[in-house]
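Q: The following file, work31.cif, comprises mmCIF, N, CA, C and O atoms:
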```cif
data_input
loop_
_atom_site.label_atom_id
_atom_site.label_comp_id
_atom_site.auth_asym_id
_atom_site.auth_seq_id
_atom_site.Cartn_x
_atom_site.Cartn_y
_atom_site.Cartn_z
N MET A 23 86.17 86.35 101.15
CA MET A 23 86.39 87.77 101.09
C MET A 23 87.86 88.03 100.84
O MET A 23 88.70 87.18 101.11
N LYS A 24 88.12 89.23 100.32
CA LYS A 24 89.47 89.61 99.96
C LYS A 24 89.56 91.13 99.98
O LYS A 24 88.59 91.81 99.66
N ILE A 25 90.72 91.65 100.34
CA ILE A 25 90.92 93.10 100.36
C ILE A 25 91.10 93.59 98.92
O ILE A 25 91.64 92.87 98.08
N LYS A 26 90.60 94.77 98.63
CA LYS A 26 90.79 95.34 97.30
C LYS A 26 92.27 95.59 97.05
O LYS A 26 93.02 95.90 97.96
N ALA A 27 92.67 95.46 95.82
CA ALA A 27 94.07 95.67 95.45
C ALA A 27 94.42 97.15 95.54
O ALA A 27 93.57 98.01 95.28
N GLY A 28 95.65 97.43 95.90
CA GLY A 28 96.13 98.80 95.85
C GLY A 28 96.41 99.46 97.18
O GLY A 28 96.56 100.68 97.24
N LEU A 29 96.49 98.68 98.26
CA LEU A 29 96.86 99.28 99.54
C LEU A 29 98.37 99.28 99.68
O LEU A 29 99.03 98.29 99.44
N LEU A 30 98.92 100.42 100.06
CA LEU A 30 100.35 100.57 100.24
C LEU A 30 100.61 100.90 101.71
O LEU A 30 100.03 101.85 102.24
N SER A 31 101.47 100.11 102.36
CA SER A 31 101.72 100.28 103.79
C SER A 31 103.18 100.59 104.05
O SER A 31 104.08 100.14 103.33
N HIS A 32 103.39 101.34 105.12
CA HIS A 32 104.74 101.71 105.53
C HIS A 32 104.77 101.75 107.06
O HIS A 32 103.85 102.29 107.69
N LYS A 33 105.83 101.20 107.64
CA LYS A 33 105.97 101.22 109.09
C LYS A 33 106.59 102.54 109.52
O LYS A 33 107.61 102.97 109.00
N VAL A 34 105.93 103.18 110.50
CA VAL A 34 106.40 104.44 111.07
C VAL A 34 106.43 104.25 112.58
O VAL A 34 105.39 104.22 113.22
N GLY A 35 107.63 104.08 113.14
CA GLY A 35 107.74 103.80 114.57
C GLY A 35 107.13 102.44 114.86
O GLY A 35 107.50 101.44 114.24
N ASP A 36 106.17 102.39 115.78
CA ASP A 36 105.52 101.12 116.11
C ASP A 36 104.14 101.00 115.46
O ASP A 36 103.37 100.11 115.79
N GLN A 37 103.82 101.90 114.54
CA GLN A 37 102.55 101.86 113.83
C GLN A 37 102.79 101.67 112.34
O GLN A 37 103.89 101.86 111.84
N TYR A 38 101.72 101.29 111.65
CA TYR A 38 101.75 101.18 110.20
C TYR A 38 100.78 102.21 109.63
O TYR A 38 99.71 102.44 110.19
N VAL A 39 101.17 102.82 108.54
CA VAL A 39 100.33 103.76 107.82
C VAL A 39 100.03 103.14 106.46
O VAL A 39 100.94 102.70 105.76
N THR A 40 98.76 103.10 106.11
CA THR A 40 98.34 102.49 104.85
C THR A 40 97.51 103.50 104.07
O THR A 40 96.62 104.13 104.62
N VAL A 41 97.84 103.64 102.80
CA VAL A 41 97.07 104.51 101.91
C VAL A 41 96.56 103.66 100.75
O VAL A 41 97.13 102.61 100.44
N ALA A 42 95.51 104.12 100.13
CA ALA A 42 94.89 103.38 99.03
C ALA A 42 95.26 103.99 97.69
O ALA A 42 95.30 105.21 97.54
N SER A 43 95.55 103.13 96.73
CA SER A 43 95.76 103.54 95.35
C SER A 43 95.08 102.50 94.47
O SER A 43 94.55 101.52 94.96
N GLY A 44 95.10 102.69 93.18
CA GLY A 44 94.51 101.70 92.27
C GLY A 44 93.06 101.43 92.60
O GLY A 44 92.29 102.34 92.89
N GLU A 45 92.67 100.17 92.58
CA GLU A 45 91.29 99.76 92.84
C GLU A 45 90.82 100.23 94.21
O GLU A 45 89.71 100.73 94.37
N ALA A 46 91.67 100.09 95.22
CA ALA A 46 91.30 100.52 96.57
C ALA A 46 91.10 102.03 96.61
O ALA A 46 90.22 102.54 97.32
N GLY A 47 91.90 102.77 95.85
CA GLY A 47 91.78 104.22 95.81
C GLY A 47 90.49 104.70 95.17
O GLY A 47 90.07 105.84 95.38
N ASP A 48 89.85 103.83 94.39
CA ASP A 48 88.58 104.19 93.78
C ASP A 48 87.44 104.25 94.80
O ASP A 48 86.43 104.91 94.57
N VAL A 49 87.61 103.53 95.94
CA VAL A 49 86.54 103.48 96.93
C VAL A 49 86.91 104.14 98.25
O VAL A 49 86.04 104.43 99.07
N PHE A 50 88.20 104.35 98.48
CA PHE A 50 88.64 104.91 99.76
C PHE A 50 89.72 105.95 99.52
O PHE A 50 90.73 105.68 98.89
N CYS A 51 89.49 107.13 100.02
CA CYS A 51 90.47 108.21 99.92
C CYS A 51 90.83 108.62 101.33
O CYS A 51 90.05 109.26 102.03
N GLY A 52 91.97 108.17 101.78
CA GLY A 52 92.37 108.48 103.14
C GLY A 52 93.56 107.65 103.56
O GLY A 52 94.26 107.08 102.73
N MET A 53 93.76 107.60 104.86
CA MET A 53 94.89 106.89 105.43
C MET A 53 94.41 106.06 106.59
O MET A 53 93.55 106.50 107.37
N LEU A 54 94.94 104.85 106.70
CA LEU A 54 94.65 103.98 107.84
C LEU A 54 95.89 103.89 108.72
O LEU A 54 96.99 103.69 108.22
N ARG A 55 95.70 104.06 110.01
CA ARG A 55 96.79 103.81 110.96
C ARG A 55 96.46 102.51 111.66
O ARG A 55 95.32 102.29 112.08
N SER A 56 97.45 101.64 111.78
CA SER A 56 97.18 100.34 112.39
C SER A 56 98.41 99.83 113.12
O SER A 56 99.47 100.43 113.09
N ASN A 57 98.22 98.67 113.74
CA ASN A 57 99.31 98.02 114.45
C ASN A 57 99.71 96.74 113.71
O ASN A 57 99.17 96.42 112.64
N GLU A 58 100.64 96.01 114.26
CA GLU A 58 101.15 94.80 113.63
C GLU A 58 100.06 93.75 113.40
O GLU A 58 100.04 93.09 112.37
N THR A 59 99.14 93.63 114.34
CA THR A 59 98.07 92.63 114.22
C THR A 59 97.16 92.95 113.03
O THR A 59 96.82 92.06 112.25
N VAL A 60 96.78 94.20 112.88
CA VAL A 60 95.93 94.58 111.75
C VAL A 60 96.69 94.39 110.44
O VAL A 60 96.12 93.93 109.44
N MET A 61 97.97 94.70 110.44
CA MET A 61 98.77 94.48 109.23
C MET A 61 98.79 93.00 108.86
O MET A 61 98.73 92.65 107.69
N GLU A 62 98.88 92.14 109.86
CA GLU A 62 98.83 90.70 109.60
C GLU A 62 97.50 90.33 108.95
O GLU A 62 97.45 89.55 108.00
N LEU A 63 96.41 90.89 109.45
CA LEU A 63 95.09 90.65 108.84
C LEU A 63 95.06 91.13 107.39
O LEU A 63 94.55 90.42 106.51
N LEU A 64 95.58 92.31 107.14
CA LEU A 64 95.59 92.83 105.77
C LEU A 64 96.40 91.93 104.85
O LEU A 64 96.00 91.69 103.70
N ARG A 65 97.51 91.41 105.33
CA ARG A 65 98.32 90.48 104.52
C ARG A 65 97.52 89.21 104.22
O ARG A 65 97.55 88.70 103.10
N MET A 66 96.84 88.69 105.24
CA MET A 66 96.05 87.47 105.05
C MET A 66 94.90 87.71 104.08
O MET A 66 94.51 86.82 103.33
N LEU A 67 94.36 88.93 104.09
CA LEU A 67 93.24 89.27 103.21
C LEU A 67 93.66 89.49 101.76
O LEU A 67 92.80 89.68 100.90
N GLU A 68 94.94 89.45 101.47
CA GLU A 68 95.38 89.55 100.08
C GLU A 68 94.97 88.32 99.28
O GLU A 68 94.89 88.35 98.07
N GLN A 69 94.71 87.21 99.99
CA GLN A 69 94.21 85.98 99.39
C GLN A 69 92.76 85.80 99.82
O GLN A 69 92.37 86.25 100.90
N GLU A 70 91.97 85.14 99.00
CA GLU A 70 90.58 84.84 99.36
C GLU A 70 90.57 84.06 100.67
O GLU A 70 91.29 83.07 100.83
N THR A 71 89.78 84.51 101.63
CA THR A 71 89.76 83.88 102.95
C THR A 71 88.41 84.09 103.62
O THR A 71 87.56 84.81 103.10
N THR A 72 88.22 83.47 104.76
CA THR A 72 87.01 83.64 105.55
C THR A 72 87.36 84.25 106.89
O THR A 72 88.53 84.26 107.31
N GLU A 73 86.36 84.74 107.58
CA GLU A 73 86.59 85.30 108.91
C GLU A 73 87.16 84.24 109.85
O GLU A 73 88.08 84.52 110.62
N GLU A 74 86.67 83.04 109.76
CA GLU A 74 87.16 81.94 110.62
C GLU A 74 88.63 81.64 110.32
O GLU A 74 89.42 81.39 111.24
N GLN A 75 89.02 81.66 109.05
CA GLN A 75 90.42 81.42 108.71
C GLN A 75 91.32 82.54 109.23
O GLN A 75 92.45 82.28 109.65
N LEU A 76 90.82 83.76 109.22
CA LEU A 76 91.59 84.87 109.79
C LEU A 76 91.79 84.67 111.28
O LEU A 76 92.90 84.86 111.80
N VAL A 77 90.74 84.29 111.98
CA VAL A 77 90.84 84.02 113.42
C VAL A 77 91.83 82.89 113.66
O VAL A 77 92.71 83.00 114.53
N ASP A 78 91.73 81.81 112.89
CA ASP A 78 92.66 80.68 113.04
C ASP A 78 94.10 81.12 112.85
O ASP A 78 94.99 80.73 113.61
N GLY A 79 94.35 81.94 111.84
CA GLY A 79 95.70 82.39 111.54
C GLY A 79 96.29 83.24 112.66
O GLY A 79 97.45 83.06 113.04
N LEU A 80 95.49 84.15 113.19
CA LEU A 80 95.98 84.99 114.28
C LEU A 80 96.13 84.19 115.57
O LEU A 80 97.07 84.41 116.34
N PHE A 81 95.22 83.25 115.81
CA PHE A 81 95.29 82.42 117.02
C PHE A 81 96.56 81.57 117.01
O PHE A 81 97.19 81.37 118.05
N ALA A 82 96.97 81.11 115.83
CA ALA A 82 98.19 80.32 115.72
C ALA A 82 99.44 81.17 115.94
O ALA A 82 100.47 80.67 116.38
N LYS A 83 99.34 82.46 115.66
CA LYS A 83 100.51 83.33 115.74
C LYS A 83 100.65 84.07 117.07
O LYS A 83 101.75 84.32 117.54
N TYR A 84 99.53 84.45 117.67
CA TYR A 84 99.56 85.30 118.85
C TYR A 84 99.04 84.57 120.09
O TYR A 84 98.13 83.75 120.00
N ASP A 85 99.60 84.91 121.22
CA ASP A 85 99.21 84.32 122.50
C ASP A 85 98.09 85.17 123.11
O ASP A 85 98.35 86.08 123.90
N ALA A 86 96.88 84.91 122.65
CA ALA A 86 95.71 85.63 123.14
C ALA A 86 94.51 84.69 123.11
O ALA A 86 94.49 83.73 122.33
N PRO A 87 93.51 84.94 123.96
CA PRO A 87 92.31 84.09 123.94
C PRO A 87 91.62 84.15 122.58
O PRO A 87 91.53 85.23 121.96
N ARG A 88 91.13 83.02 122.14
CA ARG A 88 90.48 82.93 120.82
C ARG A 88 89.30 83.89 120.70
O ARG A 88 89.12 84.52 119.66
N ASP A 89 88.50 84.03 121.75
CA ASP A 89 87.34 84.92 121.67
C ASP A 89 87.76 86.38 121.56
O ASP A 89 87.10 87.17 120.88
N THR A 90 88.87 86.76 122.15
CA THR A 90 89.40 88.11 122.02
C THR A 90 89.86 88.36 120.58
O THR A 90 89.57 89.41 119.99
N ILE A 91 90.56 87.38 120.02
CA ILE A 91 91.01 87.48 118.63
C ILE A 91 89.81 87.56 117.69
O ILE A 91 89.79 88.40 116.78
N ALA A 92 88.81 86.72 117.91
CA ALA A 92 87.62 86.72 117.05
C ALA A 92 86.92 88.07 117.09
O ALA A 92 86.49 88.59 116.05
N ALA A 93 86.82 88.68 118.27
CA ALA A 93 86.17 89.99 118.39
C ALA A 93 86.98 91.06 117.65
O ALA A 93 86.42 91.92 116.97
N HIS A 94 88.30 90.99 117.78
CA HIS A 94 89.18 91.94 117.11
C HIS A 94 89.05 91.80 115.58
O HIS A 94 88.90 92.80 114.87
N VAL A 95 89.09 90.58 115.09
CA VAL A 95 88.96 90.32 113.65
C VAL A 95 87.62 90.86 113.15
O VAL A 95 87.57 91.55 112.13
N HIS A 96 86.56 90.58 113.87
CA HIS A 96 85.23 91.04 113.46
C HIS A 96 85.18 92.57 113.39
O HIS A 96 84.65 93.14 112.43
N ARG A 97 85.74 93.23 114.38
CA ARG A 97 85.74 94.69 114.43
C ARG A 97 86.52 95.28 113.24
O ARG A 97 86.06 96.21 112.58
N VAL A 98 87.68 94.71 112.95
CA VAL A 98 88.49 95.20 111.82
C VAL A 98 87.75 94.97 110.50
O VAL A 98 87.71 95.85 109.64
N LEU A 99 87.15 93.81 110.34
CA LEU A 99 86.41 93.53 109.11
C LEU A 99 85.25 94.49 108.93
O LEU A 99 84.98 94.95 107.81
N GLU A 100 84.56 94.81 110.01
CA GLU A 100 83.45 95.77 109.92
C GLU A 100 83.95 97.15 109.49
O GLU A 100 83.31 97.82 108.70
N GLN A 101 85.11 97.55 110.00
CA GLN A 101 85.68 98.83 109.60
C GLN A 101 86.09 98.82 108.13
O GLN A 101 85.89 99.80 107.41
N LEU A 102 86.66 97.71 107.67
CA LEU A 102 87.05 97.60 106.26
C LEU A 102 85.82 97.58 105.37
O LEU A 102 85.81 98.17 104.28
N ARG A 103 84.75 96.92 105.81
CA ARG A 103 83.49 96.93 105.04
C ARG A 103 82.96 98.35 104.93
O ARG A 103 82.50 98.77 103.87
N ALA A 104 82.99 99.08 106.03
CA ALA A 104 82.46 100.44 106.05
C ALA A 104 83.22 101.36 105.09
O ALA A 104 82.63 102.31 104.55
N THR A 105 84.49 101.09 104.86
CA THR A 105 85.28 101.90 103.93
C THR A 105 85.17 101.42 102.50
O THR A 105 85.69 102.06 101.59
N GLY A 106 84.56 100.24 102.29
CA GLY A 106 84.42 99.69 100.95
C GLY A 106 85.66 98.96 100.47
O GLY A 106 85.80 98.69 99.27
N LEU A 107 86.56 98.61 101.37
CA LEU A 107 87.82 97.98 100.98
C LEU A 107 87.77 96.45 100.88
O LEU A 107 88.75 95.84 100.48
N LEU A 108 86.65 95.84 101.22
CA LEU A 108 86.53 94.37 101.13
C LEU A 108 85.71 93.97 99.91
O LEU A 108 84.66 94.55 99.64
N ASP A 109 86.18 92.98 99.19
CA ASP A 109 85.40 92.33 98.13
C ASP A 109 84.83 91.06 98.74
O ASP A 109 85.59 90.21 99.22
N GLU A 110 83.52 90.95 98.73
CA GLU A 110 82.89 89.75 99.32
C GLU A 110 82.02 89.04 98.33
O GLU A 110 81.52 89.58 97.42
#
```
Write out the structure in this file as structure tokens.
A:
Amino acid sequence: MKIKAGLLSHKVGDQYVTVASGEAGDVFCGMLRSNETVMELLRMLEQETTEEQLVDGLFAKYDAPRDTIAAHVHRVLEQLRATGLLDE
């Protein structure tokens, strides 16, 4: 899976704001507010990857239980699927 091209992000305080343009703008019209962890997922999704690889990447970077990270990754992916922003 991979995120659709055309997401533009900007840090505002301790949050990130992401808007869609280009290919992503064709399927999603709106704004995403996220934190650093979700931004890391979006960066990883710029390359073809799997859910397990996303979990591995976050587990290597953050000090959190693997099952908590896996649940978070799954929840974010489901939200991205619902918006049509994932190519699978």
Q: Give as a PyMOL selection string the residues that the PyMOL selection byres ((chain A and resi 45-48) around 7) matches when applied to the coordinates above.
A: chain A and resi 26-29+41-44+49-51+105-107
Q: Extract the full set of strand (DSSP E) residues from chain A according to DSSP on the backbone, and format it as number ranges by chain.
A: A: 24-25, 29-34, 37-42, 53-56, 108-109
Q: Using all atoms listed in the file, which residues sit within 7 Å of A:Asn57 once same-chain residues fewer than 6 positions away are excluded, as a tab-separated table (two decimals) with N, CA, C and O atoms, in the frame of the given file?
A:
```tsv
chain	number	residue	atom	x	y	z
A	36	ASP	N	106.17	102.39	115.78
A	36	ASP	CA	105.52	101.12	116.11
A	36	ASP	C	104.14	101.00	115.46
A	36	ASP	O	103.37	100.11	115.79
A	37	GLN	N	103.82	101.90	114.54
A	37	GLN	CA	102.55	101.86	113.83
A	37	GLN	C	102.79	101.67	112.34
A	37	GLN	O	103.89	101.86	111.84
A	38	TYR	N	101.72	101.29	111.65
A	38	TYR	CA	101.75	101.18	110.20
A	38	TYR	C	100.78	102.21	109.63
A	38	TYR	O	99.71	102.44	110.19
A	63	LEU	N	96.41	90.89	109.45
A	63	LEU	CA	95.09	90.65	108.84
A	63	LEU	C	95.06	91.13	107.39
A	63	LEU	O	94.55	90.42	106.51
```
Q: Give me, please, the distance in Å between atom N of A:Thr40 and atom C of A:His96, quoted to one decimal.
A: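 Answer for the atom N of A:Thr40 to atom C of A:His96 separation: 18.7 Å.
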Q: Using DSSP on the backbone, list every residue of chain A that comes out as helix (DSSP H, G or I), and give them as a VMD selection string.
A: chain A and resid 44 to 49 58 to 66 73 to 83 88 to 105
Q: Report the residues retrieved by the PyMOL selection byres ((chain A and resi 73) around 8) from the displayed file, expressed as a PyMOL selection string.
A: chain A and resi 23+71-72+74-80+91-92+95-96
Q: Compare A:Arg55, A:Arg65, A:Lys83, A:Arg88 by their minimum atom-to-atom distance to A:Ile25, counting only C-alpha atoms, and give me the closest one.
A: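 Answer, going by the shortest atom-to-atom distance: A:Arg65.
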Q: Just give me the gap between atom N of A:Phe81 and atom CA of A:Gly52 in Å, one decimal is fine.
A: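 A separation of 28.4 Å between them.
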Q: Using only the atoms of stretch 62-67 of chain A listed in the file, plus 8 Å on each side, state the axis-aligned box centre and edge lengths in Å rounded to one decimal, as JSON.
A:
```
{"center_x": 95.8, "center_y": 89.8, "center_z": 105.4, "size_x": 22.1, "size_y": 22.0, "size_z": 25.0}
```
Q: In the coordinates of the file, take the point (94.7, 89.0, 95.8) and a cut-off of 7 Å; then, counting only C-alpha atoms, name each qualifying protein, DNA or RNA residue as a CSV table (one decimal) with N, CA, C and O atoms, in the frame of the given file.
A:
```csv
chain,number,residue,atom,x,y,z
A,24,LYS,N,88.1,89.2,100.3
A,24,LYS,CA,89.5,89.6,100.0
A,24,LYS,C,89.6,91.1,100.0
A,24,LYS,O,88.6,91.8,99.7
A,27,ALA,N,92.7,95.5,95.8
A,27,ALA,CA,94.1,95.7,95.4
A,27,ALA,C,94.4,97.2,95.5
A,27,ALA,O,93.6,98.0,95.3
A,68,GLU,N,94.9,89.4,101.5
A,68,GLU,CA,95.4,89.6,100.1
A,68,GLU,C,95.0,88.3,99.3
A,68,GLU,O,94.9,88.4,98.1
A,69,GLN,N,94.7,87.2,100.0
A,69,GLN,CA,94.2,86.0,99.4
A,69,GLN,C,92.8,85.8,99.8
A,69,GLN,O,92.4,86.2,100.9
A,70,GLU,N,92.0,85.1,99.0
A,70,GLU,CA,90.6,84.8,99.4
A,70,GLU,C,90.6,84.1,100.7
A,70,GLU,O,91.3,83.1,100.8
```
Q: How far is it from atom C of A:His94 to atom C of A:Lys33, in Å with one decimal?
A: 21.4 Å
Q: Considering all atoms listed in the file, can you say which of A:Val39, A:Leu30, A:Leu54, A:Val60 comes closest to A:Val98?
A: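 Looking only at the distances to A:Val98, the closest residue turns out to be A:Val60.
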